[in-house]
>>> print(open('start_9.cif').read())   # mmCIF, C-alpha atoms
data_run
#
loop_
_atom_site.label_atom_id
_atom_site.label_comp_id
_atom_site.auth_asym_id
_atom_site.auth_seq_id
_atom_site.Cartn_x
_atom_site.Cartn_y
_atom_site.Cartn_z
CA MET A 26 112.75 30.97 57.64
CA ALA A 27 115.94 28.94 57.75
CA ALA A 28 119.65 29.10 56.99
CA ILE A 29 121.16 26.96 54.22
CA ARG A 30 124.59 25.36 54.62
CA PHE A 31 126.71 23.59 51.99
CA SER A 32 129.44 21.35 53.40
CA ASP A 33 131.91 19.84 50.90
CA VAL A 34 129.08 19.33 48.40
CA VAL A 35 130.03 17.26 45.36
CA LYS A 36 128.04 16.27 42.28
CA ARG A 37 129.10 13.58 39.80
CA TYR A 38 127.32 12.09 36.83
CA GLY A 39 128.23 8.49 36.18
CA SER A 40 130.60 6.33 38.22
CA GLY A 41 134.16 5.08 38.28
CA ALA A 42 136.82 6.46 35.95
CA ALA A 43 134.16 7.68 33.52
CA ALA A 44 132.41 9.86 36.13
CA ASN A 45 131.97 13.53 35.22
CA GLN A 46 132.30 15.70 38.33
CA VAL A 47 130.51 19.03 37.92
CA ILE A 48 130.47 20.35 41.52
CA HIS A 49 133.79 20.28 43.39
CA GLY A 50 133.51 20.49 47.17
CA VAL A 51 131.33 23.58 47.62
CA ASN A 52 131.26 25.17 51.08
CA ALA A 53 128.98 28.13 51.80
CA GLU A 54 126.30 29.37 54.17
CA ILE A 55 123.22 31.46 53.46
CA GLY A 56 122.02 33.16 56.62
CA ASP A 57 118.46 33.08 57.94
CA GLY A 58 116.46 35.64 55.93
CA GLU A 59 119.36 36.47 53.61
CA PHE A 60 119.04 37.00 49.85
CA VAL A 61 122.04 35.38 48.13
CA VAL A 62 122.62 35.26 44.37
CA ILE A 63 124.66 32.50 42.71
CA VAL A 64 126.14 33.94 39.52
CA GLY A 65 128.40 32.50 36.87
CA PRO A 66 128.60 31.60 33.17
CA SER A 67 126.52 28.86 31.57
CA GLY A 68 127.72 25.42 32.62
CA CYS A 69 129.41 26.54 35.85
CA GLY A 70 127.12 24.41 38.05
CA LYS A 71 124.96 27.10 39.63
CA SER A 72 121.60 25.59 38.61
CA THR A 73 122.82 22.11 39.59
CA LEU A 74 123.64 23.44 43.05
CA LEU A 75 120.17 24.99 43.34
CA ARG A 76 118.49 21.80 42.19
CA MET A 77 120.39 19.84 44.85
CA VAL A 78 118.96 22.21 47.49
CA ALA A 79 115.50 21.57 46.05
CA GLY A 80 116.04 17.80 46.00
CA LEU A 81 115.70 17.59 42.22
CA GLU A 82 119.31 16.37 41.90
CA ALA A 83 120.92 13.77 44.15
CA ILE A 84 124.05 14.74 46.08
CA SER A 85 127.18 12.68 45.32
CA GLY A 86 129.14 13.82 48.37
CA GLY A 87 129.03 16.21 51.33
CA GLN A 88 125.80 17.50 52.80
CA ILE A 89 123.22 20.27 52.53
CA GLU A 90 121.38 21.58 55.58
CA ILE A 91 118.19 23.65 55.65
CA GLY A 92 117.32 25.09 59.03
CA GLY A 93 119.92 22.88 60.70
CA ARG A 94 118.44 19.69 59.21
CA VAL A 95 120.48 17.59 56.77
CA VAL A 96 118.27 17.17 53.69
CA ASN A 97 120.45 14.91 51.50
CA ASP A 98 117.95 12.06 51.57
CA ILE A 99 114.75 14.02 52.28
CA ASP A 100 112.05 14.11 49.60
CA PRO A 101 111.63 17.50 47.87
CA SER A 102 108.07 17.81 49.15
CA GLU A 103 109.35 17.56 52.72
CA ARG A 104 112.03 20.26 52.46
CA ASP A 105 109.67 23.22 52.95
CA ILE A 106 111.00 25.12 49.96
CA ALA A 107 109.28 26.88 47.05
CA MET A 108 110.88 27.22 43.64
CA VAL A 109 110.34 29.74 40.84
CA PHE A 110 111.47 28.46 37.43
CA GLN A 111 112.66 30.17 34.28
CA ASN A 112 109.73 28.85 32.21
CA TYR A 113 107.00 29.79 34.76
CA ALA A 114 105.58 26.20 34.74
CA LEU A 115 101.94 27.35 34.96
CA TYR A 116 98.98 25.05 34.36
CA PRO A 117 97.36 26.34 31.12
CA HIS A 118 93.87 25.03 32.01
CA PHE A 119 93.78 26.79 35.40
CA ASP A 120 93.16 30.48 35.87
CA VAL A 121 95.54 32.62 37.93
CA PHE A 122 93.70 31.84 41.17
CA GLY A 123 93.80 28.11 40.43
CA ASN A 124 97.50 28.17 39.62
CA MET A 125 98.32 29.96 42.85
CA ALA A 126 95.98 27.80 44.92
CA TYR A 127 96.87 24.39 43.47
CA GLY A 128 99.80 23.59 45.77
CA LEU A 129 97.75 24.49 48.84
CA ARG A 130 94.76 22.45 47.75
CA ILE A 131 96.74 19.25 47.21
CA ARG A 132 98.08 19.71 50.75
CA LYS A 133 94.44 19.79 51.97
CA ILE A 134 94.65 23.36 53.29
CA PRO A 135 91.12 24.59 54.22
CA GLU A 136 89.55 26.50 51.33
CA ALA A 137 89.02 29.66 53.39
CA GLU A 138 92.72 29.80 54.19
CA VAL A 139 93.60 29.05 50.56
CA ARG A 140 91.50 32.02 49.41
CA ALA A 141 92.97 34.30 52.05
CA ARG A 142 96.56 33.41 51.16
CA VAL A 143 95.99 33.74 47.41
CA GLU A 144 94.19 37.05 47.71
CA LYS A 145 96.91 38.46 49.97
CA ALA A 146 99.68 37.37 47.58
CA ALA A 147 97.71 38.66 44.58
CA ALA A 148 97.36 42.06 46.21
CA THR A 149 101.08 42.17 46.95
CA LEU A 150 101.94 41.30 43.34
CA GLN A 151 99.22 43.49 41.76
CA LEU A 152 97.43 40.43 40.36
CA THR A 153 94.01 40.92 41.97
CA ALA A 154 92.36 42.04 38.71
CA LEU A 155 93.83 39.04 36.86
CA LEU A 156 92.76 36.18 39.13
CA ASP A 157 90.16 34.85 36.66
CA ARG A 158 92.43 34.91 33.61
CA LYS A 159 94.20 31.95 32.03
CA PRO A 160 97.98 32.04 31.49
CA ARG A 161 97.54 32.52 27.73
CA GLN A 162 95.82 35.84 28.47
CA LEU A 163 98.80 37.18 30.43
CA SER A 164 102.02 38.91 29.43
CA GLY A 165 105.40 37.38 30.28
CA GLY A 166 105.83 39.67 33.25
CA GLN A 167 102.37 38.81 34.58
CA ARG A 168 103.03 35.08 34.22
CA GLN A 169 106.26 35.46 36.17
CA ARG A 170 104.40 37.28 38.95
CA VAL A 171 101.87 34.42 39.07
CA ALA A 172 104.75 31.94 39.44
CA MET A 173 106.14 34.07 42.26
CA GLY A 174 102.70 34.26 43.86
CA ARG A 175 102.38 30.47 43.76
CA ALA A 176 105.65 30.28 45.72
CA ILE A 177 104.63 32.99 48.21
CA VAL A 178 101.34 31.34 49.22
CA ARG A 179 103.26 28.24 50.26
CA GLN A 180 104.86 30.29 53.08
CA PRO A 181 108.06 28.19 52.82
CA GLN A 182 111.28 28.37 54.81
CA VAL A 183 113.27 29.02 51.63
CA PHE A 184 112.65 30.53 48.18
CA LEU A 185 114.69 29.16 45.26
CA PHE A 186 114.81 31.16 42.01
CA ASP A 187 116.24 29.47 38.91
CA GLU A 188 116.93 32.25 36.36
CA PRO A 189 113.32 33.48 36.66
CA LEU A 190 113.82 36.65 34.59
CA SER A 191 115.59 35.17 31.58
CA ASN A 192 112.47 35.14 29.38
CA LEU A 193 111.55 38.79 30.02
CA ASP A 194 112.56 41.79 27.94
CA ALA A 195 114.97 44.36 29.38
CA LYS A 196 112.32 46.74 30.72
CA LEU A 197 110.30 43.97 32.38
CA ARG A 198 113.45 42.46 33.87
CA ALA A 199 114.33 45.76 35.53
CA GLN A 200 110.77 46.16 36.82
CA THR A 201 110.59 42.59 38.12
CA ARG A 202 113.96 42.96 39.87
CA LEU A 203 112.48 45.84 41.84
CA GLU A 204 109.41 43.75 42.67
CA ILE A 205 111.60 40.88 43.94
CA GLN A 206 113.62 43.29 46.09
CA LYS A 207 110.43 44.73 47.53
CA LEU A 208 109.01 41.25 48.19
CA HIS A 209 112.10 40.14 50.04
CA GLY A 210 111.97 43.29 52.13
CA GLU A 211 108.36 42.51 53.08
CA LEU A 212 108.64 38.73 53.55
CA GLY A 213 112.23 38.35 54.74
CA VAL A 214 112.37 34.71 53.59
CA THR A 215 115.77 33.10 53.01
CA SER A 216 116.29 33.23 49.24
CA LEU A 217 118.74 31.66 46.81
CA PHE A 218 118.65 33.18 43.32
CA VAL A 219 120.55 31.75 40.33
CA THR A 220 121.45 33.85 37.30
CA HIS A 221 124.13 34.25 34.62
CA ASP A 222 123.33 37.98 34.45
CA GLN A 223 125.75 40.02 36.52
CA VAL A 224 123.39 43.03 36.53
CA GLU A 225 120.73 40.92 38.25
CA ALA A 226 123.33 39.62 40.67
CA MET A 227 124.68 43.07 41.54
CA THR A 228 121.26 44.70 41.96
CA LEU A 229 119.49 41.91 43.87
CA ALA A 230 122.10 40.31 46.10
CA GLN A 231 122.83 41.00 49.72
CA ARG A 232 125.74 38.65 49.06
CA MET A 233 126.95 36.95 45.88
CA ILE A 234 128.47 33.53 45.23
CA VAL A 235 130.53 33.71 42.04
CA MET A 236 131.01 30.25 40.51
CA ASN A 237 133.31 28.96 37.80
CA ALA A 238 133.59 25.35 36.56
CA GLY A 239 131.82 23.89 39.60
CA ARG A 240 133.87 25.82 42.17
CA ILE A 241 133.26 28.96 44.21
CA GLU A 242 135.58 31.75 43.14
CA GLN A 243 134.41 34.36 45.65
CA ILE A 244 131.66 35.08 48.18
CA GLY A 245 130.91 38.63 49.25
CA THR A 246 128.65 41.64 48.97
CA PRO A 247 128.29 43.16 45.49
CA GLU A 248 130.57 46.00 46.59
CA GLU A 249 133.26 43.61 47.85
CA VAL A 250 133.17 41.49 44.72
CA TYR A 251 133.27 44.47 42.37
CA LEU A 252 135.84 46.59 44.18
CA ARG A 253 138.15 43.79 45.35
CA PRO A 254 137.86 40.69 43.12
CA GLN A 255 139.86 37.76 44.46
CA THR A 256 140.67 36.15 41.09
CA THR A 257 141.13 37.17 37.48
CA PHE A 258 137.98 35.20 36.66
CA VAL A 259 135.87 37.36 38.99
CA ALA A 260 137.59 40.52 37.75
CA GLY A 261 136.82 39.60 34.16
CA PHE A 262 133.28 38.34 34.77
CA ILE A 263 131.85 41.00 37.09
CA GLY A 264 131.59 44.43 35.55
CA SER A 265 130.32 45.69 32.21
CA PRO A 266 132.67 46.21 30.52
CA PRO A 267 134.90 43.92 32.59
CA MET A 268 138.12 44.91 34.34
CA ASN A 269 141.12 45.51 32.10
CA LEU A 270 143.65 42.74 32.75
CA LEU A 271 147.15 43.57 31.52
CA GLU A 272 149.70 40.76 31.64
CA GLY A 273 153.36 41.68 31.96
CA ARG A 274 156.36 41.91 34.30
CA ALA A 275 156.74 44.20 37.28
CA ASP A 276 159.93 45.75 38.57
CA GLY A 277 159.29 48.16 41.42
CA SER A 278 157.34 51.09 39.99
CA ARG A 279 157.58 49.89 36.39
CA PHE A 280 155.38 47.40 34.53
CA THR A 281 156.43 46.06 31.15
CA ILE A 282 153.93 44.74 28.60
CA GLY A 283 155.78 43.33 25.61
CA GLY A 284 158.07 46.17 24.53
CA THR A 285 156.18 48.91 26.40
CA THR A 286 157.06 50.01 29.93
CA LEU A 287 154.36 51.71 32.01
CA PRO A 288 155.30 53.89 34.99
CA LEU A 289 153.25 52.87 38.04
CA PRO A 290 151.80 55.33 40.57
CA ALA A 291 152.89 52.90 43.33
CA SER A 292 155.24 49.92 43.43
CA ALA A 293 153.91 46.49 42.47
CA PRO A 294 153.51 44.02 45.37
CA ARG A 295 156.35 41.89 43.98
CA ALA A 296 158.71 41.66 41.06
CA GLY A 297 158.26 39.32 38.11
CA ALA A 298 155.28 38.10 36.10
CA LEU A 299 151.98 39.63 37.20
CA VAL A 300 148.56 40.60 35.88
CA LEU A 301 147.64 44.24 36.45
CA GLY A 302 143.92 44.96 36.67
CA THR A 303 142.06 48.27 36.52
CA ARG A 304 138.40 49.09 35.96
CA PRO A 305 137.54 51.14 32.83
CA GLU A 306 136.11 53.95 34.99
CA HIS A 307 139.30 54.12 37.07
CA LEU A 308 141.47 55.22 34.15
CA GLU A 309 141.31 58.99 33.76
CA VAL A 310 141.99 60.88 30.54
CA ASP A 311 144.68 63.37 31.57
CA ALA A 312 147.13 65.28 29.37
CA ALA A 313 149.75 64.74 32.09
CA GLY A 314 149.07 60.99 32.31
CA THR A 315 151.97 58.56 32.04
CA TRP A 316 150.15 55.82 30.11
CA SER A 317 149.13 56.11 26.48
CA MET A 318 146.36 54.33 24.59
CA THR A 319 145.62 54.34 20.88
CA ILE A 320 141.86 54.55 20.27
CA GLU A 321 140.57 51.86 17.95
CA MET A 322 136.82 52.02 18.56
CA GLN A 323 134.27 54.07 20.51
CA GLU A 324 130.84 53.18 21.88
CA MET A 325 128.45 56.03 22.64
CA LEU A 326 126.02 54.81 25.32
CA GLY A 327 124.28 58.07 26.17
CA ALA A 328 125.43 59.01 29.66
CA GLU A 329 128.84 57.44 29.02
CA ARG A 330 131.25 56.61 26.26
CA LEU A 331 133.52 53.57 26.06
CA LEU A 332 136.89 53.99 24.39
CA HIS A 333 138.57 50.77 23.23
CA GLY A 334 142.20 50.47 22.29
CA HIS A 335 145.60 49.14 23.35
CA VAL A 336 148.03 50.02 26.10
CA GLY A 337 151.24 48.54 24.80
CA GLU A 338 150.23 45.16 23.42
CA ALA A 339 147.29 44.70 25.81
CA SER A 340 143.64 45.49 25.03
CA CYS A 341 142.21 48.24 27.22
CA THR A 342 138.86 49.99 27.68
CA VAL A 343 138.28 53.41 29.26
CA ARG A 344 134.90 54.66 30.45
CA VAL A 345 134.38 58.44 30.14
CA PRO A 346 131.31 60.72 30.41
CA GLY A 347 129.21 60.75 27.25
CA THR A 348 129.51 64.53 27.05
CA LEU A 349 133.31 64.47 27.03
CA ALA A 350 134.84 65.63 23.76
CA VAL A 351 137.18 62.86 22.69
CA ALA A 352 139.74 62.27 19.98
CA ARG A 353 139.05 60.35 16.80
CA ASN A 354 139.79 56.68 16.21
CA GLY A 355 143.51 56.26 15.64
CA ASP A 356 144.47 59.09 17.96
CA THR A 357 146.42 58.59 21.18
CA LEU A 358 145.16 59.47 24.66
CA ARG A 359 147.18 60.02 27.80
CA LEU A 360 145.81 58.15 30.82
CA ARG A 361 146.35 58.42 34.54
CA ALA A 362 145.86 55.41 36.83
CA ALA A 363 145.25 56.01 40.55
CA PRO A 364 147.21 53.65 42.86
CA GLU A 365 144.15 52.82 44.99
CA HIS A 366 142.42 51.37 41.93
CA LEU A 367 145.15 48.99 40.77
CA HIS A 368 144.66 45.25 41.31
CA TRP A 369 147.40 42.63 41.10
CA PHE A 370 146.98 38.93 40.32
CA ASP A 371 149.26 35.92 39.94
CA PRO A 372 149.22 34.91 36.23
CA ALA A 373 149.53 31.16 36.99
CA SER A 374 146.85 30.74 39.66
CA GLY A 375 144.75 33.81 38.82
CA LYS A 376 144.56 34.64 42.53
CA ARG A 377 144.85 38.13 43.95
CA VAL A 378 148.27 39.13 45.30
CA GLY A 379 147.68 42.83 45.98
#
>>> encode(input="start_9.cif", output="C-alpha cells")
Amino acid sequence: MAAIRFSDVVKRYGSGAAANQVIHGVNAEIGDGEFVVIVGPSGCGKSTLLRMVAGLEAISGGQIEIGGRVVNDIDPSERDIAMVFQNYALYPHFDVFGNMAYGLRIRKIPEAEVRARVEKAAATLQLTALLDRKPRQLSGGQRQRVAMGRAIVRQPQVFLFDEPLSNLDAKLRAQTRLEIQKLHGELGVTSLFVTHDQVEAMTLAQRMIVMNAGRIEQIGTPEEVYLRPQTTFVAGFIGSPPMNLLEGRADGSRFTIGGTTLPLPASAPRAGALVLGTRPEHLEVDAAGTWSMTIEMQEMLGAERLLHGHVGEASCTVRVPGTLAVARNGDTLRLRAAPEHLHWFDPASGKRVG
C-alpha cells in the first residue's frame, strides 16, 4: 500500500495563449490504505486527475507522488497501480480465468502462483463457478466483478476506479457498492474512486474530494461535506434534493428575499447580501412556524414526500415523512427553521461565512 500526494498539479491541453487549462493547482493527500472518492459534475476534471495518477495523461505542472516516489515521468507499468474502468475492458476471446490471469502472465509470474491468485480473487468475488465462461456469457455485474478481480490479482499499491458502476442498473449498483466496501475492508489497499454520482460518493468514501471546474471545492468525510458544506457549489451538488439556497439581505434576525422578510431563529453572521442555506429535511412543518411556503408540486417517494414551492421569491423544497397528511397544491404551509441547521454563504465568492 502507499499514500498518494498531489502538489500544485496542473493540466493544460495545448500551449501558449491558446492553451486550455483543465486542472488548476490541485493539492490533496490520500492516506495509506484510505478509500477516497473524487466526485463532481461531468467535465470537472476528476477523471483527468485519476488518469494523471495512472500515467495515462501527462502532467503539465506540479507533481504526483505514490508511496513517497514522484511518478510524473514514470511509465504507467512501473507505478504499481491497478485500474478498473467504466467499460470493463475485458478480452472477449478469453474466459474469466484468462482475463484475470492475463496481466500476471505477461509479467512472467509462475503459473502456480497465477492460479492461486486468480482462484483466491474469484472466491472473494463469487466468480469461482464462472471461471470458464466468456465475457459475452456474463451479466453486467459479473463483468464488473471480473474487472475488479483482474485488478485484485495484481496486488498493487493503489487501486484506481474510473466510474466503474456507471453501466449497471440501480439494483446492481447498490449491490456492487457493498461488494467494493467489503473488498476494501478485507484488502485495505489505498483506493481512489471517481464518480459523478453523489450517492456512490457518500456511501463509499472514507473521505471525499468535491471538484468543480478543475478545482477542489472541499475535502472531508461524507458527514463533514453534507452537514457543513464550505461553498454554495458543494451545498447545491451534495444532497438529493440539494440544499435550499435563498439569496437575500440580512439585518440582524431578519432576512429579506425580494419583498418578503423572514424572521430568523438566530442572527445572521453579518448584515448585507448573503445566501441562506437549509437542507430540505431541516425545515419542519409547524403551525407556529414563522416562514410560509406555497406548495406548487409534491413528489411521493414512499418513505418520504418532497414538497416543492416558494418562500418569498426563492424556490424551496421540504422533505417530510411519506405518511404525513399534507395540504394540496396551492395551499400554504408554515415552516420552522432550527438555528443549528442554517448555513450562510457569501453571494459573490460562494464561500461559507457562518
>>> atom_distance(input="start_9.cif", atom1="CA of Thr285 (chain A)", atom2="CA of Leu299 (chain A)")
14.8 Å
>>> atom_distance(input="start_9.cif", atom1="CA of Ala362 (chain A)", atom2="CA of Ile320 (chain A)")
17.1 Å
>>> closest_residue(input="start_9.cif", among="A:Leu252, A:Met173, A:Ile63, A:Val343", to="His368 (chain A)", atoms="only C-alpha atoms")
A:Leu252
>>> resolve_selection(input="start_9.cif", expression="the PyMOL selection byres ((chain A and resi 283) around 12)", output="PyMOL selection string")
chain A and resi 271-275+280-282+284-287+298+335-339
>>> residues_around(input="start_9.cif", residues="Thr342 (chain A)", least_positions_apart="3", cutoff="9 Å", atoms="only C-alpha atoms", output="ChimeraX atom specification")
/A:266-269,304-306,308,331-335
>>> closest_residue(input="start_9.cif", among="A:Ala172, A:Val62, A:Leu301, A:Leu129", to="Ala226 (chain A)", atoms="all atoms listed in the file")
A:Val62
>>> residues_near_point(input="start_9.cif", point="(118.9, 31.6, 43.2)", cutoff="6 Å", atoms="all atoms listed in the file", output="ChimeraX atom specification")
/A:62-63,185-187,217-219
>>> closest_residue(input="start_9.cif", among="A:Arg94, A:Arg30, A:Arg279, A:Arg359", to="Thr215 (chain A)", atoms="only C-alpha atoms")
A:Arg30
>>> resolve_selection(input="start_9.cif", expression="the PyMOL selection byres ((chain A and resi 200-210) around 8)", output="list in words")
Phe60, Leu150, Gly166, Leu190, Lys196, Leu197, Arg198, Ala199, Glu211, Leu212, Gly213, Val214, Glu225, Thr228 and Leu229 of chain A
>>> resolve_selection(input="start_9.cif", expression="the PyMOL selection byres ((chain A and resi 69) around 10)", output="JSON, numbers by chain")
{"A": [47, 48, 64, 65, 66, 67, 68, 70, 71, 72, 73, 74, 221, 235, 236, 237, 238, 239, 240, 241]}
>>> atom_distance(input="start_9.cif", atom1="CA of Leu289 (chain A)", atom2="CA of Pro364 (chain A)")
7.8 Å
>>> closest_residue(input="start_9.cif", among="A:Leu75, A:Leu115, A:Ala260, A:Ile134", to="Arg161 (chain A)", atoms="only C-alpha atoms")
A:Leu115
>>> residues_around(input="start_9.cif", residues="Glu309 (chain A)", least_positions_apart="2", cutoff="12 Å", atoms="only C-alpha atoms", output="number ranges by chain")
A: 303-307, 311-318, 332, 342-346, 349, 358-363, 366
>>> closest_residue(input="start_9.cif", among="A:Trp369, A:Tyr38, A:Glu329, A:Val78", to="Ala350 (chain A)", atoms="all atoms listed in the file")
A:Glu329
>>> closest_residue(input="start_9.cif", among="A:Glu242, A:Glu59, A:Asp105, A:Asp157", to="Ile177 (chain A)", atoms="only C-alpha atoms")
A:Asp105
>>> residues_around(input="start_9.cif", residues="region 117-124 of chain A", least_positions_apart="4", cutoff="12 Å", atoms="all atoms listed in the file", output="count of residues only")
39
>>> residues_around(input="start_9.cif", residues="Asp371 (chain A)", least_positions_apart="4", cutoff="9 Å", atoms="only C-alpha atoms", output="number ranges by chain")
A: 256-257, 298-300, 375-378
>>> residues_around(input="start_9.cif", residues="Met233 (chain A)", least_positions_apart="2", cutoff="6 Å", atoms="all atoms listed in the file", output="PyMOL selection string")
chain A and resi 61-63+230+244-246
>>> residues_near_point(input="start_9.cif", point="(125.0, 17.3, 43.9)", cutoff="12 Å", atoms="all atoms listed in the file", output="count of residues only")
39
>>> build_atoms(input="start_9.cif", residues="region 270-285 of chain A", atoms="N, CA, C and O atoms", output="PDB file, in the coordinates of the input")
ATOM      1  N   LEU A 270     142.633  43.621  32.173  1.00  0.00           N
ATOM      2  CA  LEU A 270     143.650  42.740  32.750  1.00  0.00           C
ATOM      3  C   LEU A 270     144.867  42.748  31.833  1.00  0.00           C
ATOM      4  O   LEU A 270     144.824  42.227  30.712  1.00  0.00           O
ATOM      5  N   LEU A 271     145.946  43.373  32.314  1.00  0.00           N
ATOM      6  CA  LEU A 271     147.150  43.570  31.520  1.00  0.00           C
ATOM      7  C   LEU A 271     148.239  42.645  32.050  1.00  0.00           C
ATOM      8  O   LEU A 271     148.643  42.757  33.209  1.00  0.00           O
ATOM      9  N   GLU A 272     148.701  41.730  31.206  1.00  0.00           N
ATOM     10  CA  GLU A 272     149.700  40.760  31.640  1.00  0.00           C
ATOM     11  C   GLU A 272     151.096  41.236  31.255  1.00  0.00           C
ATOM     12  O   GLU A 272     151.344  41.635  30.119  1.00  0.00           O
ATOM     13  N   GLY A 273     152.000  41.224  32.239  1.00  0.00           N
ATOM     14  CA  GLY A 273     153.360  41.680  31.960  1.00  0.00           C
ATOM     15  C   GLY A 273     154.289  41.341  33.109  1.00  0.00           C
ATOM     16  O   GLY A 273     154.040  40.413  33.888  1.00  0.00           O
ATOM     17  N   ARG A 274     155.364  42.139  33.247  1.00  0.00           N
ATOM     18  CA  ARG A 274     156.360  41.910  34.300  1.00  0.00           C
ATOM     19  C   ARG A 274     156.560  43.205  35.076  1.00  0.00           C
ATOM     20  O   ARG A 274     156.694  44.284  34.493  1.00  0.00           O
ATOM     21  N   ALA A 275     156.570  43.049  36.397  1.00  0.00           N
ATOM     22  CA  ALA A 275     156.740  44.200  37.280  1.00  0.00           C
ATOM     23  C   ALA A 275     158.167  44.273  37.802  1.00  0.00           C
ATOM     24  O   ALA A 275     158.811  43.241  38.047  1.00  0.00           O
ATOM     25  N   ASP A 276     158.619  45.505  37.972  1.00  0.00           N
ATOM     26  CA  ASP A 276     159.930  45.750  38.570  1.00  0.00           C
ATOM     27  C   ASP A 276     159.821  47.068  39.337  1.00  0.00           C
ATOM     28  O   ASP A 276     159.985  48.147  38.759  1.00  0.00           O
ATOM     29  N   GLY A 277     159.481  46.958  40.622  1.00  0.00           N
ATOM     30  CA  GLY A 277     159.290  48.160  41.420  1.00  0.00           C
ATOM     31  C   GLY A 277     158.126  48.983  40.915  1.00  0.00           C
ATOM     32  O   GLY A 277     156.992  48.511  40.881  1.00  0.00           O
ATOM     33  N   SER A 278     158.401  50.202  40.462  1.00  0.00           N
ATOM     34  CA  SER A 278     157.340  51.090  39.990  1.00  0.00           C
ATOM     35  C   SER A 278     157.253  51.106  38.470  1.00  0.00           C
ATOM     36  O   SER A 278     156.774  52.072  37.874  1.00  0.00           O
ATOM     37  N   ARG A 279     157.707  50.025  37.839  1.00  0.00           N
ATOM     38  CA  ARG A 279     157.580  49.890  36.390  1.00  0.00           C
ATOM     39  C   ARG A 279     156.893  48.570  36.055  1.00  0.00           C
ATOM     40  O   ARG A 279     157.084  47.564  36.736  1.00  0.00           O
ATOM     41  N   PHE A 280     156.092  48.606  34.976  1.00  0.00           N
ATOM     42  CA  PHE A 280     155.380  47.400  34.530  1.00  0.00           C
ATOM     43  C   PHE A 280     155.546  47.316  33.028  1.00  0.00           C
ATOM     44  O   PHE A 280     155.160  48.239  32.288  1.00  0.00           O
ATOM     45  N   THR A 281     156.111  46.216  32.567  1.00  0.00           N
ATOM     46  CA  THR A 281     156.430  46.060  31.150  1.00  0.00           C
ATOM     47  C   THR A 281     155.471  45.089  30.484  1.00  0.00           C
ATOM     48  O   THR A 281     155.296  43.953  30.935  1.00  0.00           O
ATOM     49  N   ILE A 282     154.831  45.568  29.404  1.00  0.00           N
ATOM     50  CA  ILE A 282     153.930  44.740  28.600  1.00  0.00           C
ATOM     51  C   ILE A 282     154.558  44.637  27.214  1.00  0.00           C
ATOM     52  O   ILE A 282     154.578  45.621  26.466  1.00  0.00           O
ATOM     53  N   GLY A 283     155.081  43.469  26.885  1.00  0.00           N
ATOM     54  CA  GLY A 283     155.780  43.330  25.610  1.00  0.00           C
ATOM     55  C   GLY A 283     156.972  44.267  25.590  1.00  0.00           C
ATOM     56  O   GLY A 283     157.853  44.227  26.451  1.00  0.00           O
ATOM     57  N   GLY A 284     156.975  45.204  24.628  1.00  0.00           N
ATOM     58  CA  GLY A 284     158.070  46.170  24.530  1.00  0.00           C
ATOM     59  C   GLY A 284     157.733  47.513  25.132  1.00  0.00           C
ATOM     60  O   GLY A 284     158.510  48.471  24.969  1.00  0.00           O
ATOM     61  N   THR A 285     156.602  47.629  25.832  1.00  0.00           N
ATOM     62  CA  THR A 285     156.180  48.910  26.400  1.00  0.00           C
ATOM     63  C   THR A 285     156.297  48.890  27.911  1.00  0.00           C
ATOM     64  O   THR A 285     155.789  47.963  28.557  1.00  0.00           O
TER      65      THR A 285
END
